[in-house]
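Below is the file query.tsv, which contains TSV, C-alpha atoms.
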chain	number	residue	atom	x	y	z
Y	1	GLY	CA	92.13	124.48	15.05
Y	2	ALA	CA	91.02	121.12	16.42
Y	3	ASP	CA	89.83	122.96	19.54
Y	4	LEU	CA	87.14	124.73	17.49
Y	5	GLY	CA	86.07	123.00	14.27
Y	6	ALA	CA	86.80	119.46	15.37
Y	7	GLU	CA	85.27	119.96	18.82
Y	8	LYS	CA	82.04	121.24	17.27
Y	9	PHE	CA	82.04	118.42	14.72
Y	10	LEU	CA	82.63	115.72	17.33
Y	11	ASP	CA	80.40	117.13	20.07
Y	12	ILE	CA	77.53	118.51	17.96
Y	13	LYS	CA	77.37	117.26	14.37
Y	14	CYS	CA	78.47	113.66	14.97
Y	15	ARG	CA	76.07	113.28	17.86
Y	16	ILE	CA	73.08	114.72	15.97
Y	17	ALA	CA	73.86	112.96	12.66
Y	18	GLY	CA	74.81	109.64	14.24
Y	19	LEU	CA	78.33	109.74	12.80
Y	20	LYS	CA	81.17	107.75	14.38
Y	21	PRO	CA	84.56	108.83	12.98
Y	22	ASP	CA	87.20	106.12	12.54
Y	23	ALA	CA	90.16	108.52	12.51
Y	24	THR	CA	91.08	112.18	12.43
Y	25	VAL	CA	93.89	113.99	10.61
Y	26	ILE	CA	95.51	117.07	12.14
Y	27	VAL	CA	97.37	119.28	9.66
Y	28	ALA	CA	100.41	121.08	11.05
Y	29	SER	CA	103.29	123.10	9.65
Y	30	ILE	CA	106.79	123.88	10.91
Y	31	GLN	CA	106.25	127.62	10.48
Y	32	ALA	CA	103.02	127.61	12.50
Y	33	LEU	CA	104.69	125.69	15.32
Y	34	LYS	CA	107.68	128.05	15.39
Y	35	TYR	CA	105.23	130.98	15.45
Y	36	ASN	CA	103.67	129.40	18.54
Y	37	GLY	CA	107.19	129.22	19.93
Y	38	GLY	CA	107.63	132.98	19.72
Y	39	VAL	CA	109.28	133.48	16.32
Y	40	VAL	CA	108.18	136.62	14.44
Y	41	LYS	CA	106.73	136.12	10.98
Y	42	ALA	CA	109.77	137.57	9.19
Y	43	ASP	CA	112.02	134.86	10.66
Y	44	LEU	CA	109.78	131.80	10.29
Y	45	LYS	CA	111.68	130.43	7.29
Y	46	GLN	CA	114.94	130.17	9.25
Y	47	GLU	CA	115.77	126.99	11.15
Y	48	ASN	CA	115.02	127.40	14.85
Y	49	LEU	CA	114.93	124.11	16.71
Y	50	GLU	CA	114.48	125.65	20.16
Y	51	ALA	CA	111.45	127.70	19.10
Y	52	LEU	CA	109.99	124.62	17.41
Y	53	LYS	CA	110.41	122.57	20.59
Y	54	LYS	CA	108.72	125.36	22.55
Y	55	GLY	CA	105.80	125.82	20.14
Y	56	ILE	CA	105.17	122.15	19.43
Y	57	VAL	CA	103.16	121.91	22.66
Y	58	ASN	CA	100.37	123.56	20.66
Y	59	LEU	CA	100.24	120.53	18.38
Y	60	GLY	CA	100.49	118.29	21.43
Y	61	LYS	CA	97.36	119.82	22.92
Y	62	HIS	CA	95.45	119.30	19.66
Y	63	ILE	CA	96.52	115.65	19.60
Y	64	GLU	CA	95.57	115.21	23.25
Y	65	ASN	CA	92.14	116.72	22.58
Y	66	MET	CA	91.39	114.35	19.71
Y	67	GLN	CA	92.49	111.40	21.81
Y	68	LYS	CA	90.06	112.50	24.53
Y	69	PHE	CA	87.26	111.84	22.04
Y	70	GLY	CA	88.57	108.30	21.58
Y	71	VAL	CA	89.47	108.79	17.92
Y	72	PRO	CA	92.86	107.60	16.53
Y	73	THR	CA	94.90	110.49	15.16
Y	74	VAL	CA	97.28	111.05	12.25
Y	75	VAL	CA	99.42	114.19	11.93
Y	76	ALA	CA	100.00	115.49	8.42
Y	77	LEU	CA	102.97	117.86	8.23
Y	78	ASN	CA	102.23	120.35	5.47
Y	79	SER	CA	105.84	120.26	4.31
Y	80	PHE	CA	107.54	123.16	2.51
Y	81	ILE	CA	111.05	123.71	1.08
Y	82	THR	CA	111.95	126.21	3.82
Y	83	GLU	CA	111.93	123.62	6.60
Y	84	THR	CA	114.93	121.48	7.45
Y	85	GLU	CA	115.22	117.75	8.02
Y	86	ALA	CA	116.11	118.38	11.65
Y	87	GLU	CA	112.89	120.35	12.15
Y	88	ALA	CA	110.74	117.71	10.46
Y	89	GLN	CA	112.38	115.00	12.57
Y	90	ILE	CA	111.47	116.81	15.78
Y	91	VAL	CA	107.81	116.85	14.77
Y	92	GLU	CA	107.84	113.21	13.68
Y	93	ASP	CA	109.46	112.03	16.92
Y	94	TYR	CA	107.05	114.13	18.97
Y	95	CYS	CA	104.00	112.62	17.25
Y	96	ARG	CA	105.29	109.08	17.62
Y	97	ASP	CA	105.88	109.67	21.35
Y	98	LEU	CA	102.21	110.67	21.66
Y	99	GLY	CA	101.05	107.49	19.92
Y	100	CYS	CA	99.87	108.88	16.60
Y	101	GLU	CA	100.99	108.28	13.03
Y	102	PHE	CA	102.94	110.95	11.16
Y	103	ALA	CA	103.34	111.74	7.46
Y	104	LYS	CA	104.77	114.54	5.38
Y	105	ALA	CA	102.39	116.00	2.80
Y	106	THR	CA	103.75	117.83	-0.27
Y	107	VAL	CA	100.55	118.03	-2.28
Y	108	TRP	CA	101.20	121.74	-2.98
Y	109	ALA	CA	104.30	120.74	-4.99
Y	110	ASP	CA	103.72	117.16	-6.10
Y	111	GLY	CA	99.97	116.90	-6.56
Y	112	GLY	CA	98.38	113.58	-5.64
Y	113	ALA	CA	101.76	111.87	-5.30
Y	114	GLY	CA	102.56	114.26	-2.46
Y	115	GLY	CA	99.68	112.83	-0.46
Y	116	GLU	CA	100.43	109.13	-0.90
Y	117	GLU	CA	102.42	108.77	2.33
Y	118	LEU	CA	99.59	110.42	4.27
Y	119	ALA	CA	96.99	108.20	2.61
Y	120	LYS	CA	98.96	105.09	3.56
Y	121	LYS	CA	99.28	106.23	7.17
Y	122	VAL	CA	95.53	106.90	7.37
Y	123	LEU	CA	94.83	103.42	5.98
Y	124	LYS	CA	97.29	101.90	8.45
Y	125	THR	CA	95.53	103.70	11.29
Y	126	LEU	CA	92.11	102.47	10.14
Y	127	GLU	CA	93.39	98.90	9.93
Y	128	THR	CA	95.34	98.76	13.20
Y	129	LYS	CA	93.68	101.17	15.63
Y	130	GLU	CA	90.11	100.93	16.81
Y	131	SER	CA	88.04	104.08	17.27
Y	132	HIS	CA	86.14	104.49	20.53
Y	133	TYR	CA	84.54	107.79	19.61
Y	134	HIS	CA	82.47	109.53	22.26
Y	135	PRO	CA	81.50	113.19	22.84
Y	136	ILE	CA	83.33	115.07	25.57
Y	137	TYR	CA	80.08	115.70	27.52
Y	138	GLU	CA	76.60	114.20	27.85
Y	139	LEU	CA	73.56	116.21	26.73
Y	140	ASP	CA	71.80	115.84	30.08
Y	141	LEU	CA	74.63	117.74	31.79
Y	142	PRO	CA	73.54	121.26	32.88
Y	143	LEU	CA	74.47	124.01	30.42
Y	144	MET	CA	76.97	125.63	32.78
Y	145	ASP	CA	78.72	122.31	33.28
Y	146	LYS	CA	78.90	121.71	29.51
Y	147	ILE	CA	80.62	125.08	29.10
Y	148	ARG	CA	83.02	124.31	31.95
Y	149	THR	CA	83.81	120.90	30.48
Y	150	ILE	CA	84.75	122.31	27.07
Y	151	ALA	CA	86.74	125.18	28.58
Y	152	LYS	CA	88.73	122.98	30.93
Y	153	GLU	CA	89.10	119.77	28.92
Y	154	VAL	CA	89.60	121.21	25.43
Y	155	TYR	CA	91.07	124.68	26.05
Y	156	GLY	CA	92.97	123.98	29.27
Y	157	ALA	CA	91.21	126.63	31.37
Y	158	GLY	CA	91.64	126.48	35.13
Y	159	SER	CA	88.36	128.24	35.86
Y	160	VAL	CA	85.29	129.60	34.09
Y	161	SER	CA	83.59	132.87	34.99
Y	162	PHE	CA	80.27	134.22	33.78
Y	163	GLY	CA	79.40	137.84	33.02
Y	164	ALA	CA	76.60	139.81	34.64
Y	165	GLY	CA	73.28	138.10	34.02
Y	166	VAL	CA	74.78	135.13	32.16
Y	167	GLU	CA	74.30	132.64	35.00
Y	168	LYS	CA	70.68	133.76	35.36
Y	169	GLN	CA	70.21	133.46	31.60
Y	170	LEU	CA	71.56	129.90	31.65
Y	171	ARG	CA	69.32	128.93	34.57
Y	172	THR	CA	66.32	130.38	32.74
Y	173	LEU	CA	67.17	128.44	29.56
Y	174	GLN	CA	67.51	125.31	31.66
Y	175	GLU	CA	64.06	125.90	33.17
Y	176	GLN	CA	62.55	126.59	29.72
Y	177	GLY	CA	63.63	123.20	28.41
Y	178	PHE	CA	66.78	124.16	26.48
Y	179	GLY	CA	69.09	122.36	28.89
Y	180	ASN	CA	69.60	119.30	26.69
Y	181	LEU	CA	70.98	121.27	23.73
Y	182	PRO	CA	74.69	121.06	22.87
Y	183	VAL	CA	76.95	124.06	23.43
Y	184	CYS	CA	78.84	125.90	20.70
Y	185	ILE	CA	81.70	128.13	21.92
Y	186	ALA	CA	82.38	131.34	19.94
Y	187	LYS	CA	85.90	132.66	20.56
Y	188	THR	CA	89.19	133.56	18.84
Y	189	GLN	CA	90.74	130.89	16.66
Y	190	TYR	CA	94.28	132.12	17.34
Y	191	SER	CA	94.69	130.74	20.85
Y	192	PHE	CA	93.42	128.02	23.13
Y	193	SER	CA	92.50	130.88	25.47
Y	194	ALA	CA	90.19	133.78	24.66
Y	195	ASP	CA	93.22	136.06	24.16
Y	196	PRO	CA	94.40	135.91	20.51
Y	197	LYS	CA	97.95	136.92	21.54
Y	198	ILE	CA	98.56	133.95	23.84
Y	199	TYR	CA	100.19	131.15	21.86
Y	200	GLY	CA	101.42	127.64	22.60
Y	201	ALA	CA	99.27	125.61	24.99
Y	202	VAL	CA	98.35	127.93	27.84
Y	203	ASN	CA	96.93	126.32	30.99
Y	204	ASN	CA	95.06	127.31	34.14
Y	205	PHE	CA	93.72	130.61	32.78
Y	206	GLU	CA	90.29	132.08	33.50
Y	207	PHE	CA	87.80	131.57	30.67
Y	208	HIS	CA	85.16	134.31	30.75
Y	209	ILE	CA	81.69	133.90	29.19
Y	210	LYS	CA	80.26	137.32	28.40
Y	211	ASP	CA	77.01	136.40	26.61
Y	212	ILE	CA	74.71	133.55	25.61
Y	213	VAL	CA	72.83	133.22	22.32
Y	214	VAL	CA	70.12	130.64	21.58
Y	215	ASN	CA	70.24	129.28	18.04
Y	216	ASN	CA	66.86	127.62	18.24
Y	217	GLY	CA	66.69	126.55	14.60
Y	218	ALA	CA	70.11	124.93	14.71
Y	219	GLU	CA	69.29	123.61	18.19
Y	220	MET	CA	72.39	124.76	20.02
Y	221	ILE	CA	73.39	127.21	22.72
Y	222	VAL	CA	76.19	129.61	21.72
Y	223	ALA	CA	78.47	130.77	24.56
Y	224	ILE	CA	80.44	133.88	23.59
Please express what this file holds, its structure, as structure tokens.
Amino acid sequence: GADLGAEKFLDIKCRIAGLKPDATVIVASIQALKYNGGVVKADLKQENLEALKKGIVNLGKHIENMQKFGVPTVVALNSFITETEAEAQIVEDYCRDLGCEFAKATVWADGGAGGEELAKKVLKTLETKESHYHPIYELDLPLMDKIRTIAKEVYGAGSVSFGAGVEKQLRTLQEQGFGNLPVCIAKTQYSFSADPKIYGAVNNFEFHIKDIVVNNGAEMIVAI
């Protein structure tokens, strides 16, 4: 999920290590998108264009998030024999409409040859699109505001609430000199929200922080 691994990489690792990515590749699959559109696992191998159109907003949110970091994006469709041309075309058209390159990847079946199209699209992106990478928040932003920024900008939350004592804990950490540390969010990987059963690209939900952990060695604040 680009909302978890990529967000941490772009907001924490790149900033600390001085890395500036030139492009990012999002890997998607037809079955995963149909699952986000409400299809049960037993039926994922059957063509379902309506479910695909419904679930593809999940991919759209991942693309939007990467673009918020100023990094050009390529979508790699992990392509399997169960998908149809009509389904693949929907994904390709959707990606193009959002301004990112698209390529099928059949490495599982064809080895290196199955990744040539993707490699060419990545090279094309590097040659024709300039990266303007930047983190989604500044380190001097208060800890509570960093959490709110990630929740609202990356997950689509409408509001952020804090459990008993969490606000006080964050204020204390701020006063103790931990305020300039980056924030690492610990939550389910199955949804943009904190509810693993909510699929697609949910918006305007309440994002609840129930605890705060200080990883002093790694120099980050973990919001659970």
Exercise for the section: Would you kindly return, as a ChimeraX atom specification, each protein, DNA or RNA residue with an atom no farther than 12 Å from any atom of Lys120 of chain Y, considering only C-alpha atoms and excluding same-chain residues fewer than 3 positions away? Expected result: /Y:74,76,101-105,113-117,123-127
Which residues come within 6 Å of segment 181-189 of chain Y, counting only C-alpha atoms, excluding same-chain residues fewer than 6 positions away, as a VMD selection string? chain Y and resid 196 220 to 224
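The space between atom CA of Val39 of chain Y and atom CA of Ala51 of chain Y spans 6.8 Å.
Going from atom CA of Thr82 of chain Y to atom CA of Tyr199 of chain Y covers 22.1 Å.
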Enter the distance from atom CA of Gly177 of chain Y to atom CA of Ala218 of chain Y, in Å, rounded to one decimal.
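If I compute the distance from atom CA of Gly177 of chain Y to atom CA of Ala218 of chain Y, I get 15.3 Å.
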Near Pro135 of chain Y, counting all atoms listed in the file, which residues have an atom at most 10 Å away, once you skip same-chain residues fewer than 6 positions from it, shown as a PyMOL selection string? chain Y and resi 7-12+14-15+68-70
Between Y:Gly158, Y:Gly217, Y:Ile90, Y:Ala23, smallest distance to Lys53 of chain Y by all atoms listed in the file belongs to Y:Ile90
**OP:** Would you be able to write out as a PyMOL selection string which residues have an atom within 9 Å of (82.9, 106.5, 20.9) in the file's coordinates, counting all atoms listed in the file?
**Re:** chain Y and resi 20-21+69-71+131-135
Could you pull the residues within 12 Å of Leu98 of chain Y, counting all atoms listed in the file, minus those fewer than 3 positions along the same chain, as a PyMOL selection string? chain Y and resi 57+59-67+72-75+91-95+101-102
**Prompt:** Any idea what's packed within 10 Å of Gln46 of chain Y, counting all atoms listed in the file, ignoring anything in its chain fewer than 4 positions away? Could you give it as a ChimeraX atom specification?
**Reply:** /Y:31,34,39,42,82-84
Emit a file covering segment 21-39 of chain Y of the preceding structure with N, CA, C and O atoms, as a tab-separated table (two decimals), in the first residue's frame.
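Printed below is selection22.tsv as written:
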chain	number	residue	atom	x	y	z
Y	21	PRO	N	13.74	10.69	-4.85
Y	21	PRO	CA	13.29	9.74	-5.88
Y	21	PRO	C	12.93	10.44	-7.19
Y	21	PRO	O	12.34	11.52	-7.19
Y	22	ASP	N	13.27	9.81	-8.30
Y	22	ASP	CA	12.95	10.35	-9.62
Y	22	ASP	C	11.61	9.84	-10.13
Y	22	ASP	O	10.99	10.45	-11.00
Y	23	ALA	N	11.17	8.69	-9.63
Y	23	ALA	CA	9.89	8.12	-10.06
Y	23	ALA	C	9.47	7.07	-9.04
Y	23	ALA	O	10.26	6.60	-8.24
Y	24	THR	N	8.19	6.72	-9.11
Y	24	THR	CA	7.68	5.64	-8.26
Y	24	THR	C	6.82	4.72	-9.11
Y	24	THR	O	6.17	5.15	-10.05
Y	25	VAL	N	6.85	3.42	-8.80
Y	25	VAL	CA	6.04	2.44	-9.51
Y	25	VAL	C	5.02	1.86	-8.54
Y	25	VAL	O	5.39	1.36	-7.47
Y	26	ILE	N	3.74	1.95	-8.90
Y	26	ILE	CA	2.67	1.34	-8.11
Y	26	ILE	C	2.25	0.05	-8.81
Y	26	ILE	O	1.93	0.05	-9.99
Y	27	VAL	N	2.28	-1.05	-8.07
Y	27	VAL	CA	1.87	-2.34	-8.63
Y	27	VAL	C	0.41	-2.60	-8.28
Y	27	VAL	O	0.02	-2.54	-7.11
Y	28	ALA	N	-0.38	-2.87	-9.31
Y	28	ALA	CA	-1.81	-3.15	-9.10
Y	28	ALA	C	-2.18	-4.46	-9.78
Y	28	ALA	O	-1.41	-4.99	-10.60
Y	29	SER	N	-3.34	-4.99	-9.44
Y	29	SER	CA	-3.85	-6.17	-10.13
Y	29	SER	C	-5.36	-6.03	-10.30
Y	29	SER	O	-6.03	-5.38	-9.49
Y	30	ILE	N	-5.88	-6.63	-11.36
Y	30	ILE	CA	-7.31	-6.59	-11.64
Y	30	ILE	C	-8.10	-7.21	-10.48
Y	30	ILE	O	-9.12	-6.67	-10.03
Y	31	GLN	N	-7.62	-8.33	-9.97
Y	31	GLN	CA	-8.35	-9.01	-8.90
Y	31	GLN	C	-8.41	-8.15	-7.63
Y	31	GLN	O	-9.45	-8.08	-6.97
Y	32	ALA	N	-7.32	-7.49	-7.30
Y	32	ALA	CA	-7.32	-6.64	-6.11
Y	32	ALA	C	-8.30	-5.47	-6.26
Y	32	ALA	O	-9.00	-5.10	-5.32
Y	33	LEU	N	-8.36	-4.91	-7.47
Y	33	LEU	CA	-9.25	-3.78	-7.70
Y	33	LEU	C	-10.72	-4.23	-7.68
Y	33	LEU	O	-11.59	-3.51	-7.17
Y	34	LYS	N	-11.01	-5.40	-8.22
Y	34	LYS	CA	-12.38	-5.91	-8.15
Y	34	LYS	C	-12.76	-6.25	-6.71
Y	34	LYS	O	-13.91	-6.06	-6.30
Y	35	TYR	N	-11.80	-6.72	-5.93
Y	35	TYR	CA	-12.04	-6.98	-4.50
Y	35	TYR	C	-12.42	-5.69	-3.80
Y	35	TYR	O	-13.32	-5.65	-2.96
Y	36	ASN	N	-11.73	-4.60	-4.15
Y	36	ASN	CA	-12.07	-3.29	-3.59
Y	36	ASN	C	-13.44	-2.81	-4.08
Y	36	ASN	O	-14.04	-1.94	-3.46
Y	37	GLY	N	-13.89	-3.39	-5.18
Y	37	GLY	CA	-15.21	-3.04	-5.71
Y	37	GLY	C	-16.32	-3.92	-5.18
Y	37	GLY	O	-17.46	-3.81	-5.65
Y	38	GLY	N	-16.01	-4.80	-4.23
Y	38	GLY	CA	-17.05	-5.57	-3.56
Y	38	GLY	C	-17.20	-7.01	-4.00
Y	38	GLY	O	-18.11	-7.71	-3.55
Y	39	VAL	N	-16.33	-7.50	-4.89
Y	39	VAL	CA	-16.42	-8.88	-5.35
Y	39	VAL	C	-15.81	-9.82	-4.31
Y	39	VAL	O	-14.72	-9.55	-3.80
